[in-house]
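Since the structure comes first, as structure tokens, the remarks are kept for the end.
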Amino acid sequence: MRTPTSSLLKSLLQNPSPPSSCSVETPSRAHQLHAHLLKSSSPSVITSIYSSLGLIDEALLSFSSLPSPPPQSYKTLIRSSTSHGLHAQSVSLFIRFRASGFVPNHNFFPSVLKSCAALRARKLGESLHGSVVVLGLDSDLYTGNALMNMYSKLGGSGDAHKLSDEFDDSIVRMRKVFDEMPVRDVVSWNTMIAGVAESGLYEEALSMVREMGFVGLKLNAFTLSTVLPIFAESVDVCKGMEIHGYAMRNGFDSDVFMGSSLVDMYANCTRADYSLRVFDLLPNPDAIAWNSLIAGCVQNGMFDEGLSVFRRMLLNELKPMPVTFSSIMPACAHLTTLRLGKQLHGYIIRGGFEDNVFVASSLVDMYAKCGNICVARSIFDDMHVPDTVTWTAMIMGYALHGPADEALSLFERMALENGKPNYVAFIAVLTACSHAGLVDEARAYFDRMRKDYGITPHLEHYAVVADVLGRAGKLSEAYEFISKMHIKPTASVWCTLLGACRIHKNLELAEEVAEKIFELDPKHMGSHVLMSNIYSAAGNWKEAAKTRVAMKRKGLEKQPASSWIEVKNKVHAFVAHDKSHPCFDQICQAWEVLEEQMKREGYVANTEDVLHDIDEEHKRELLCGHSERLAITFGIISTPPGTTIRVTKNLRVCVDCHTATKFISKIVGREIVVRDTNRFHHFRDGKCSCGDYW
Ligand code: ZN
Ligand code: ZN
């Protein structure tokens, strides 16, 4: 500072509104001061002032007017470039500094090394490390910490596919820096522990935490939040709770960084209820904490809680990020609340997030699962480079909704464009084959998966192939296929064959398969129901009754069939044999009108699935015994003509309702989408997307 004026100016610029009368209250006053400053100070002083104030553009401007900037100006500008995330600039300033013949001291390296890490400039980082050693600065604490931090960043994250070699190398170099440091502080230890933990060397990380205590250093919030993911990974909630206890005793539990790690750890250990409690105690949760909590709830199946946290986040005026949407969207998909999904979609468009691959992918998945396959496809088609997850979501969408040939052709495109379909993609394509009854294709994909892609079949793959064989009537081939599985078949794999036995009315095989199932799982609900139906269909009422008695004895209660429909933002649930809905009488009247028309069009009620003790003449009884009919009829009378009707059922749609719904779709001229436990049925103009194969 050359004059008292400039020091006054500097102090004013650093603190624009001091309590005295002498303050900078308006932009014009600031500009006046700036003009004064320009007259009274040298450009290098101005550069320093602006840099230290964080006015990076102004600092650069005055720096560029210096013919030969002094080292001090370089130092401040490099520092503030790095702290403003202008990493390339920081590095290029440093190179220019070296080219001017200056020798850096300990003040330079921490910033440049940080920028190197951010740019993932490994070669440059290593050569800087070389300079540090040559200049004898490797004994400097801050430079050493910065070196380790750089190696941990260069080794971690980035391209997950290429970890291995570079990662190992980084850890080795980091370890060397750490070992050779004459003095280490908490930051040195934390950096080292974080790097070691991230490379998966959990035991070593934990032993370093203990060592840190031995040398008399106190663990801080950062150390603890480095260690927590280890317990999250190993799902060790007890150890995680110990850390939580330590944090509480030392007053770190209100630290937001610590809080987020605790939320994550509990959610990973399937204790999202604890995550909620930890979160609610945080004084000022940041966006990361909110997002961790939303993801934690949704991943643990607490969909309603996840949605309510999301709403609270918006009320707190926190802007959602791409990760927020990809975390919350599965909740909409699971609850099949298309309305909410659409609202979120609107939000995504307004926020300009639709180009984010994770967001777009979660939208595709949500629309596909909610039954709106066309919108899913158009979002998919707009994506530049869909990732494996998106391809798979789209293929699965077609598999569940039909048309199956779209699923198969997308799978082939995926194999060409995206490289490697994974085991989930194979589940999707096999499901498509199964839902369309494509036996040869299913066999071919199953072989290709093992031979061309080296994927060992999982239970899901076996179950789908057994299902497709069985339903096509190839019962003995299905039996053989299951018997030869390389893993022990589960009750549910056998149960797919039992289902096929029912369709093809093979009582003998059904009894053999049922025996196998009850050996594996005596309380297998689905098989009991199937066996009772198989006996009923064969007219063997005695055995049917016996099965039902056995179920009662084993404490198995048949799940009551129920269907849901959302009308005017309200979910209406209909349970079989339940007449409690306030509109029940109107529904019955509407049904009678519909049934008359259906009969004129050629509908004949199929009573095969109905137990013998139900009186066929009791129309009302028959109607209310079928929850999906109640829901569909209610949908027709309570929505404007032309509205698509979307119904969800907790069991499979029965044969008779399937036929009836085809007639209804034609008579009322509406699309009716029914999601059952197995797939989606899109009824339109007298036909169903499943092609009557389900
Ligand atoms: Zn039905
Ligand atoms: Zn169908």
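Numbering starts fresh at 1 for the residues of each chain in the structure tokens, the chains themselves are lettered A, B, ... in the order given, and ligands are numbered from 1 as they appear.
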task: Please check which protein, DNA or RNA residues sit within 6 Å of ligand 1, counting only C-alpha atoms and all ligand atoms, and write them as a PyMOL selection string.
output: chain A and resi 626+653-654+656-657
Kindly compile the residues surrounding ligand 2 within 8 Å, counting only C-alpha atoms and all ligand atoms, and format them as a PDB file with all heavy atoms, in the first residue's frame.
ATOM      1  N   HIS A 658     -61.173 -60.667 -18.191  1.00  0.00           N
ATOM      2  CA  HIS A 658     -60.381 -60.303 -19.359  1.00  0.00           C
ATOM      3  C   HIS A 658     -61.282 -60.219 -20.587  1.00  0.00           C
ATOM      4  O   HIS A 658     -61.234 -59.248 -21.342  1.00  0.00           O
ATOM      5  CB  HIS A 658     -59.261 -61.328 -19.556  1.00  0.00           C
ATOM      6  CG  HIS A 658     -58.181 -60.876 -20.482  1.00  0.00           C
ATOM      7  ND1 HIS A 658     -58.213 -61.151 -21.824  1.00  0.00           N
ATOM      8  CD2 HIS A 658     -57.067 -60.142 -20.258  1.00  0.00           C
ATOM      9  CE1 HIS A 658     -57.138 -60.623 -22.388  1.00  0.00           C
ATOM     10  NE2 HIS A 658     -56.427 -60.003 -21.461  1.00  0.00           N
ATOM     11  N   PHE A 680     -49.187 -55.803 -17.774  1.00  0.00           N
ATOM     12  CA  PHE A 680     -50.196 -54.804 -18.073  1.00  0.00           C
ATOM     13  C   PHE A 680     -51.057 -55.310 -19.219  1.00  0.00           C
ATOM     14  O   PHE A 680     -50.551 -55.950 -20.143  1.00  0.00           O
ATOM     15  CB  PHE A 680     -49.541 -53.505 -18.526  1.00  0.00           C
ATOM     16  CG  PHE A 680     -48.889 -52.740 -17.423  1.00  0.00           C
ATOM     17  CD1 PHE A 680     -47.611 -53.072 -16.997  1.00  0.00           C
ATOM     18  CD2 PHE A 680     -49.535 -51.682 -16.822  1.00  0.00           C
ATOM     19  CE1 PHE A 680     -46.996 -52.365 -15.983  1.00  0.00           C
ATOM     20  CE2 PHE A 680     -48.936 -50.970 -15.808  1.00  0.00           C
ATOM     21  CZ  PHE A 680     -47.662 -51.304 -15.383  1.00  0.00           C
ATOM     22  N   HIS A 681     -52.335 -55.000 -19.150  1.00  0.00           N
ATOM     23  CA  HIS A 681     -53.236 -55.296 -20.264  1.00  0.00           C
ATOM     24  C   HIS A 681     -53.785 -53.976 -20.775  1.00  0.00           C
ATOM     25  O   HIS A 681     -54.374 -53.219 -20.006  1.00  0.00           O
ATOM     26  CB  HIS A 681     -54.399 -56.181 -19.805  1.00  0.00           C
ATOM     27  CG  HIS A 681     -53.959 -57.479 -19.226  1.00  0.00           C
ATOM     28  ND1 HIS A 681     -53.895 -58.636 -19.958  1.00  0.00           N
ATOM     29  CD2 HIS A 681     -53.530 -57.802 -17.977  1.00  0.00           C
ATOM     30  CE1 HIS A 681     -53.460 -59.624 -19.187  1.00  0.00           C
ATOM     31  NE2 HIS A 681     -53.226 -59.134 -17.979  1.00  0.00           N
ATOM     32  N   HIS A 682     -53.556 -53.694 -22.046  1.00  0.00           N
ATOM     33  CA  HIS A 682     -54.140 -52.492 -22.646  1.00  0.00           C
ATOM     34  C   HIS A 682     -55.317 -52.935 -23.503  1.00  0.00           C
ATOM     35  O   HIS A 682     -55.132 -53.498 -24.577  1.00  0.00           O
ATOM     36  CB  HIS A 682     -53.124 -51.775 -23.542  1.00  0.00           C
ATOM     37  CG  HIS A 682     -51.988 -51.173 -22.780  1.00  0.00           C
ATOM     38  ND1 HIS A 682     -51.800 -49.826 -22.676  1.00  0.00           N
ATOM     39  CD2 HIS A 682     -50.987 -51.745 -22.073  1.00  0.00           C
ATOM     40  CE1 HIS A 682     -50.728 -49.589 -21.940  1.00  0.00           C
ATOM     41  NE2 HIS A 682     -50.214 -50.739 -21.559  1.00  0.00           N
ATOM     42  N   PHE A 683     -56.520 -52.669 -23.010  1.00  0.00           N
ATOM     43  CA  PHE A 683     -57.714 -53.054 -23.768  1.00  0.00           C
ATOM     44  C   PHE A 683     -58.124 -51.890 -24.644  1.00  0.00           C
ATOM     45  O   PHE A 683     -58.283 -50.769 -24.155  1.00  0.00           O
ATOM     46  CB  PHE A 683     -58.863 -53.400 -22.822  1.00  0.00           C
ATOM     47  CG  PHE A 683     -58.573 -54.575 -21.935  1.00  0.00           C
ATOM     48  CD1 PHE A 683     -58.028 -54.395 -20.667  1.00  0.00           C
ATOM     49  CD2 PHE A 683     -58.850 -55.867 -22.367  1.00  0.00           C
ATOM     50  CE1 PHE A 683     -57.761 -55.478 -19.849  1.00  0.00           C
ATOM     51  CE2 PHE A 683     -58.593 -56.956 -21.549  1.00  0.00           C
ATOM     52  CZ  PHE A 683     -58.045 -56.763 -20.290  1.00  0.00           C
ATOM     53  N   LYS A 687     -59.856 -55.469 -28.192  1.00  0.00           N
ATOM     54  CA  LYS A 687     -58.683 -56.345 -28.162  1.00  0.00           C
ATOM     55  C   LYS A 687     -57.812 -56.014 -26.963  1.00  0.00           C
ATOM     56  O   LYS A 687     -57.895 -54.925 -26.408  1.00  0.00           O
ATOM     57  CB  LYS A 687     -57.851 -56.135 -29.432  1.00  0.00           C
ATOM     58  CG  LYS A 687     -58.472 -56.701 -30.680  1.00  0.00           C
ATOM     59  CD  LYS A 687     -57.404 -56.720 -31.776  1.00  0.00           C
ATOM     60  CE  LYS A 687     -58.011 -56.821 -33.155  1.00  0.00           C
ATOM     61  NZ  LYS A 687     -58.486 -55.523 -33.682  1.00  0.00           N
ATOM     62  N   CYS A 688     -56.929 -56.960 -26.593  1.00  0.00           N
ATOM     63  CA  CYS A 688     -55.987 -56.665 -25.517  1.00  0.00           C
ATOM     64  C   CYS A 688     -54.564 -56.804 -26.031  1.00  0.00           C
ATOM     65  O   CYS A 688     -54.273 -57.677 -26.854  1.00  0.00           O
ATOM     66  CB  CYS A 688     -56.194 -57.595 -24.330  1.00  0.00           C
ATOM     67  SG  CYS A 688     -55.032 -57.219 -23.001  1.00  0.00           S
ATOM     68  N   SER A 689     -53.672 -55.913 -25.501  1.00  0.00           N
ATOM     69  CA  SER A 689     -52.279 -55.906 -25.954  1.00  0.00           C
ATOM     70  C   SER A 689     -51.582 -57.225 -25.665  1.00  0.00           C
ATOM     71  O   SER A 689     -50.563 -57.551 -26.262  1.00  0.00           O
ATOM     72  CB  SER A 689     -51.527 -54.765 -25.276  1.00  0.00           C
ATOM     73  OG  SER A 689     -51.501 -54.990 -23.881  1.00  0.00           O
ATOM     74  N   CYS A 690     -52.120 -58.018 -24.728  1.00  0.00           N
ATOM     75  CA  CYS A 690     -51.439 -59.266 -24.390  1.00  0.00           C
ATOM     76  C   CYS A 690     -51.760 -60.353 -25.414  1.00  0.00           C
ATOM     77  O   CYS A 690     -51.181 -61.439 -25.366  1.00  0.00           O
ATOM     78  CB  CYS A 690     -51.818 -59.728 -22.987  1.00  0.00           C
ATOM     79  SG  CYS A 690     -53.470 -60.409 -22.876  1.00  0.00           S
ATOM     80  N   GLY A 691     -52.685 -60.045 -26.328  1.00  0.00           N
ATOM     81  CA  GLY A 691     -53.066 -61.033 -27.329  1.00  0.00           C
ATOM     82  C   GLY A 691     -53.670 -62.269 -26.675  1.00  0.00           C
ATOM     83  O   GLY A 691     -53.515 -63.378 -27.177  1.00  0.00           O
ATOM     84  N   ASP A 692     -54.327 -62.070 -25.544  1.00  0.00           N
ATOM     85  CA  ASP A 692     -54.970 -63.143 -24.783  1.00  0.00           C
ATOM     86  C   ASP A 692     -53.984 -64.189 -24.276  1.00  0.00           C
ATOM     87  O   ASP A 692     -54.357 -65.319 -23.984  1.00  0.00           O
ATOM     88  CB  ASP A 692     -56.053 -63.849 -25.619  1.00  0.00           C
ATOM     89  CG  ASP A 692     -57.153 -62.873 -25.983  1.00  0.00           C
ATOM     90  OD1 ASP A 692     -57.257 -61.846 -25.283  1.00  0.00           O
ATOM     91  OD2 ASP A 692     -57.874 -63.128 -26.959  1.00  0.00           O
ATOM     92  N   TYR A 693     -52.726 -63.802 -24.197  1.00  0.00           N
ATOM     93  CA  TYR A 693     -51.728 -64.745 -23.706  1.00  0.00           C
ATOM     94  C   TYR A 693     -51.120 -64.131 -22.458  1.00  0.00           C
ATOM     95  O   TYR A 693     -50.354 -63.194 -22.532  1.00  0.00           O
ATOM     96  CB  TYR A 693     -50.673 -64.948 -24.797  1.00  0.00           C
ATOM     97  CG  TYR A 693     -49.813 -66.141 -24.544  1.00  0.00           C
ATOM     98  CD1 TYR A 693     -50.137 -67.374 -25.081  1.00  0.00           C
ATOM     99  CD2 TYR A 693     -48.676 -66.036 -23.740  1.00  0.00           C
ATOM    100  CE1 TYR A 693     -49.356 -68.479 -24.830  1.00  0.00           C
ATOM    101  CE2 TYR A 693     -47.901 -67.139 -23.485  1.00  0.00           C
ATOM    102  CZ  TYR A 693     -48.245 -68.359 -24.029  1.00  0.00           C
ATOM    103  OH  TYR A 693     -47.474 -69.453 -23.772  1.00  0.00           O
ATOM    104  N   TRP A 694     -51.539 -64.641 -21.289  1.00  0.00           N
ATOM    105  CA  TRP A 694     -50.946 -64.054 -20.089  1.00  0.00           C
ATOM    106  C   TRP A 694     -50.913 -65.034 -18.949  1.00  0.00           C
ATOM    107  O   TRP A 694     -51.452 -66.120 -19.087  1.00  0.00           O
ATOM    108  CB  TRP A 694     -51.692 -62.768 -19.690  1.00  0.00           C
ATOM    109  CG  TRP A 694     -52.924 -62.980 -18.898  1.00  0.00           C
ATOM    110  CD1 TRP A 694     -53.037 -62.933 -17.537  1.00  0.00           C
ATOM    111  CD2 TRP A 694     -54.240 -63.263 -19.382  1.00  0.00           C
ATOM    112  NE1 TRP A 694     -54.317 -63.168 -17.160  1.00  0.00           N
ATOM    113  CE2 TRP A 694     -55.088 -63.376 -18.259  1.00  0.00           C
ATOM    114  CE3 TRP A 694     -54.774 -63.433 -20.655  1.00  0.00           C
ATOM    115  CZ2 TRP A 694     -56.446 -63.654 -18.373  1.00  0.00           C
ATOM    116  CZ3 TRP A 694     -56.121 -63.712 -20.765  1.00  0.00           C
ATOM    117  CH2 TRP A 694     -56.948 -63.814 -19.637  1.00  0.00           C
TER     118      TRP A 694
END
task: Write out as a PyMOL selection string the residues lying within 8 Å of Val227 (chain A), counting only C-alpha atoms and excluding same-chain residues fewer than 5 positions away.
output: chain A and resi 194+197+205-206
message: Quick one: residues within 9 Å of region 481-483 of chain A, only C-alpha atoms, excluding same-chain residues fewer than 3 positions away - as a list in words?
response: Tyr462, Ala463, Val465, Ala466, Leu469, Ser476, Glu477, Ala478, His486, Lys488, Pro489, Val493, Trp494 and Leu497 of chain A
task: With a distance cut-off of 12 Å and only C-alpha atoms, select the neighbouring residues of region 273-285 of chain A, excluding the residue or stretch itself and same-chain residues fewer than 2 positions from it, and output the selection as an MDAnalysis selection string.
output: chainID A and resid 237 240:241 244:245 247:248 251:271 287:298 300:302 305:306 308:309 312:313 316 318
Restricting the output to N, CA and C atoms, write the selected residues as a compact mmCIF listing (two decimals), in the first residue's frame.
# COMPACT_ATOMS: atom_id res chain seq x y z
N VAL A 237 -25.09 -52.21 11.22
CA VAL A 237 -25.75 -51.08 11.86
C VAL A 237 -25.25 -50.86 13.28
N GLY A 240 -22.17 -48.80 13.07
CA GLY A 240 -22.63 -47.47 12.64
C GLY A 240 -23.20 -46.70 13.81
N MET A 241 -23.95 -47.41 14.67
CA MET A 241 -24.54 -46.75 15.83
C MET A 241 -23.47 -46.30 16.82
N HIS A 244 -22.28 -43.17 15.60
CA HIS A 244 -23.31 -42.17 15.86
C HIS A 244 -23.22 -41.70 17.32
N GLY A 245 -23.04 -42.67 18.24
CA GLY A 245 -22.91 -42.34 19.65
C GLY A 245 -21.71 -41.44 19.91
N ALA A 247 -20.31 -39.46 17.82
CA ALA A 247 -20.60 -38.15 17.24
C ALA A 247 -21.46 -37.33 18.19
N MET A 248 -22.45 -38.00 18.81
CA MET A 248 -23.34 -37.27 19.73
C MET A 248 -22.58 -36.78 20.94
N GLY A 251 -20.56 -33.81 20.04
CA GLY A 251 -21.26 -32.67 19.46
C GLY A 251 -21.16 -32.54 17.96
N PHE A 252 -20.85 -33.66 17.27
CA PHE A 252 -20.76 -33.58 15.80
C PHE A 252 -22.09 -33.90 15.11
N ASP A 253 -23.07 -34.37 15.91
CA ASP A 253 -24.26 -34.91 15.25
C ASP A 253 -25.10 -33.83 14.57
N SER A 254 -24.86 -32.55 14.92
CA SER A 254 -25.62 -31.51 14.22
C SER A 254 -24.86 -31.01 12.99
N ASP A 255 -23.64 -31.56 12.77
CA ASP A 255 -22.88 -31.21 11.58
C ASP A 255 -23.58 -31.80 10.36
N VAL A 256 -23.82 -30.98 9.35
CA VAL A 256 -24.65 -31.43 8.25
C VAL A 256 -23.98 -32.54 7.43
N PHE A 257 -22.66 -32.48 7.34
CA PHE A 257 -21.90 -33.49 6.60
C PHE A 257 -22.04 -34.84 7.29
N MET A 258 -21.86 -34.76 8.62
CA MET A 258 -22.02 -35.95 9.46
C MET A 258 -23.45 -36.48 9.35
N GLY A 259 -24.41 -35.56 9.42
CA GLY A 259 -25.82 -35.92 9.36
C GLY A 259 -26.14 -36.68 8.09
N SER A 260 -25.66 -36.18 6.94
CA SER A 260 -25.93 -36.85 5.66
C SER A 260 -25.36 -38.26 5.66
N SER A 261 -24.13 -38.39 6.22
CA SER A 261 -23.51 -39.72 6.24
C SER A 261 -24.31 -40.68 7.11
N LEU A 262 -24.85 -40.16 8.23
CA LEU A 262 -25.66 -41.01 9.11
C LEU A 262 -26.95 -41.43 8.41
N VAL A 263 -27.58 -40.47 7.71
CA VAL A 263 -28.80 -40.77 6.96
C VAL A 263 -28.52 -41.90 5.96
N ASP A 264 -27.42 -41.76 5.24
CA ASP A 264 -27.02 -42.77 4.25
C ASP A 264 -26.78 -44.13 4.88
N MET A 265 -26.00 -44.09 5.98
CA MET A 265 -25.62 -45.35 6.63
C MET A 265 -26.87 -46.10 7.11
N TYR A 266 -27.78 -45.40 7.81
CA TYR A 266 -28.98 -46.07 8.30
C TYR A 266 -29.84 -46.60 7.15
N ALA A 267 -29.95 -45.81 6.10
CA ALA A 267 -30.77 -46.24 4.97
C ALA A 267 -30.17 -47.49 4.33
N ASN A 268 -28.83 -47.51 4.21
CA ASN A 268 -28.16 -48.68 3.65
C ASN A 268 -28.34 -49.91 4.51
N CYS A 269 -28.46 -49.67 5.83
CA CYS A 269 -28.64 -50.78 6.75
C CYS A 269 -30.13 -51.09 6.92
N THR A 270 -30.95 -50.67 5.96
CA THR A 270 -32.41 -50.86 5.95
C THR A 270 -33.10 -50.29 7.18
N ARG A 271 -32.51 -49.26 7.77
CA ARG A 271 -33.17 -48.59 8.88
C ARG A 271 -33.49 -47.15 8.49
N ALA A 287 -28.83 -29.61 0.63
CA ALA A 287 -29.45 -30.38 -0.46
C ALA A 287 -29.01 -31.83 -0.44
N ILE A 288 -27.72 -32.06 -0.09
CA ILE A 288 -27.21 -33.44 -0.08
C ILE A 288 -27.97 -34.27 0.95
N ALA A 289 -28.19 -33.67 2.14
CA ALA A 289 -28.90 -34.39 3.19
C ALA A 289 -30.34 -34.70 2.76
N TRP A 290 -31.01 -33.72 2.16
CA TRP A 290 -32.39 -33.96 1.69
C TRP A 290 -32.42 -35.09 0.67
N ASN A 291 -31.49 -35.03 -0.29
CA ASN A 291 -31.48 -36.05 -1.34
C ASN A 291 -31.16 -37.43 -0.78
N SER A 292 -30.23 -37.48 0.18
CA SER A 292 -29.90 -38.78 0.80
C SER A 292 -31.14 -39.37 1.44
N LEU A 293 -31.91 -38.51 2.11
CA LEU A 293 -33.08 -39.01 2.82
C LEU A 293 -34.14 -39.51 1.84
N ILE A 294 -34.37 -38.75 0.77
CA ILE A 294 -35.37 -39.17 -0.22
C ILE A 294 -34.97 -40.52 -0.81
N ALA A 295 -33.71 -40.62 -1.24
CA ALA A 295 -33.24 -41.87 -1.83
C ALA A 295 -33.35 -43.00 -0.82
N GLY A 296 -32.97 -42.72 0.44
CA GLY A 296 -33.01 -43.74 1.49
C GLY A 296 -34.41 -44.28 1.70
N CYS A 297 -35.39 -43.39 1.76
CA CYS A 297 -36.78 -43.81 1.95
C CYS A 297 -37.24 -44.68 0.78
N VAL A 298 -37.02 -44.18 -0.44
CA VAL A 298 -37.54 -44.88 -1.62
C VAL A 298 -36.87 -46.25 -1.76
N ASN A 300 -35.85 -48.12 0.48
CA ASN A 300 -36.34 -49.04 1.50
C ASN A 300 -37.83 -49.28 1.38
N GLY A 301 -38.40 -48.88 0.25
CA GLY A 301 -39.81 -49.15 0.03
C GLY A 301 -40.73 -48.22 0.80
N MET A 302 -40.17 -47.17 1.45
CA MET A 302 -41.03 -46.22 2.17
C MET A 302 -41.41 -45.11 1.18
N GLU A 305 -43.33 -41.94 2.52
CA GLU A 305 -42.43 -41.09 3.29
C GLU A 305 -41.50 -40.32 2.35
N GLY A 306 -40.98 -41.04 1.33
CA GLY A 306 -40.09 -40.41 0.36
C GLY A 306 -40.77 -39.24 -0.31
N SER A 308 -43.28 -37.53 0.84
CA SER A 308 -43.57 -36.41 1.75
C SER A 308 -42.28 -35.64 2.06
N VAL A 309 -41.14 -36.34 2.11
CA VAL A 309 -39.86 -35.62 2.29
C VAL A 309 -39.62 -34.71 1.08
N ARG A 312 -41.67 -31.70 1.45
CA ARG A 312 -41.09 -30.82 2.48
C ARG A 312 -39.89 -30.07 1.92
N MET A 313 -39.12 -30.76 1.09
CA MET A 313 -37.93 -30.14 0.50
C MET A 313 -38.35 -28.93 -0.34
N ASN A 316 -39.41 -26.04 1.75
CA ASN A 316 -38.27 -25.35 2.33
C ASN A 316 -37.48 -24.56 1.29
N LEU A 318 -35.87 -25.50 -1.29
CA LEU A 318 -34.62 -26.05 -1.78
C LEU A 318 -34.86 -26.54 -3.19
message: So that I can check the surroundings of Arg350 (chain A), please list as a PyMOL selection string every protein, DNA and RNA residue that reaches within 12 Å of it, counting only C-alpha atoms and ignoring chain neighbours fewer than 5 positions away.
response: chain A and resi 319-320+343-345+355
query: A:Ala88, A:Val209, A:Met181, A:Leu340: which is nearest Lys570 (chain A), counting only C-alpha atoms?
result: A:Leu340
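What separates CA of Val132 (chain A) from CA of Asn107 (chain A) is a distance of 11.6 Å.
The interatomic distance for the pair CA of His334 (chain A) and CA of Thr431 (chain A) works out to 18.9 Å.
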query: Excluding same-chain residues fewer than 6 positions from Tyr202 (chain A), what lies within 12 Å of it counting only C-alpha atoms, as a list in words?
result: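 The neighbour list is Ile193, Ala194, Gly195, Val196, Met208, Val209, Thr226, Val227, Leu228, Pro229, Ile230, Phe231, Ala232, Glu233 and Ser234 of chain A.
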query: What is the CA of Ile46 (chain A)-CA of Ser83 (chain A) distance in Å, reported with one decimal?
result: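 Interatomic distance here is 18.6 Å.
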- request: Please run DSSP on the backbone and report, as a PyMOL selection string, all residues within region 529-656 of chain A that come out as helix (DSSP H, G or I).
  value: chain A and resi 529-537+541-553+584-601+619-624+627-638+655-656
message: Ranking A:Thr82, A:Ala99, A:Cys238, A:Val133 by minimum distance to Cys116 (chain A) and counting only C-alpha atoms, which one comes first?
response: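 Among the listed residues, A:Thr82 lies closest to Cys116 (chain A).
The residue that comes closest to Lys554 (chain A), out of A:Lys239, A:Lys523, A:Arg98, A:His572 and on the basis of only C-alpha atoms, is A:Lys523.
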- request: Compare A:Leu651, A:Ala514, A:Ala576, A:Leu408 by their minimum atom-to-atom distance to Ala442 (chain A), counting only C-alpha atoms, and give me the closest one.
  value: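 Distance minimum relative to Ala442 (chain A) lands on A:Leu408.
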query: Counting only C-alpha atoms, which of A:Lys420, A:Arg339, A:His528, A:Lys552 gets nearest to Val567 (chain A)?
result: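 Closest residue, counting only C-alpha atoms: A:Arg339.
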Can you build me a table of region 101-129 of chain A residues sitting at most 9 Å from region 60-75 of chain A, with the closest atom pair per residue and its distance in Å to one decimal, using only C-alpha atoms, sorted by chain and residue number, as JSON lines?
{"residue": "A:Phe102", "atom": "CA", "partner": "A:Pro71", "partner_atom": "CA", "distance": 7.2}
{"residue": "A:Val103", "atom": "CA", "partner": "A:Pro71", "partner_atom": "CA", "distance": 8.9}
{"residue": "A:Pro104", "atom": "CA", "partner": "A:Pro71", "partner_atom": "CA", "distance": 8.4}
{"residue": "A:Asn107", "atom": "CA", "partner": "A:Lys75", "partner_atom": "CA", "distance": 7.2}
{"residue": "A:Phe108", "atom": "CA", "partner": "A:Lys75", "partner_atom": "CA", "distance": 6.2}
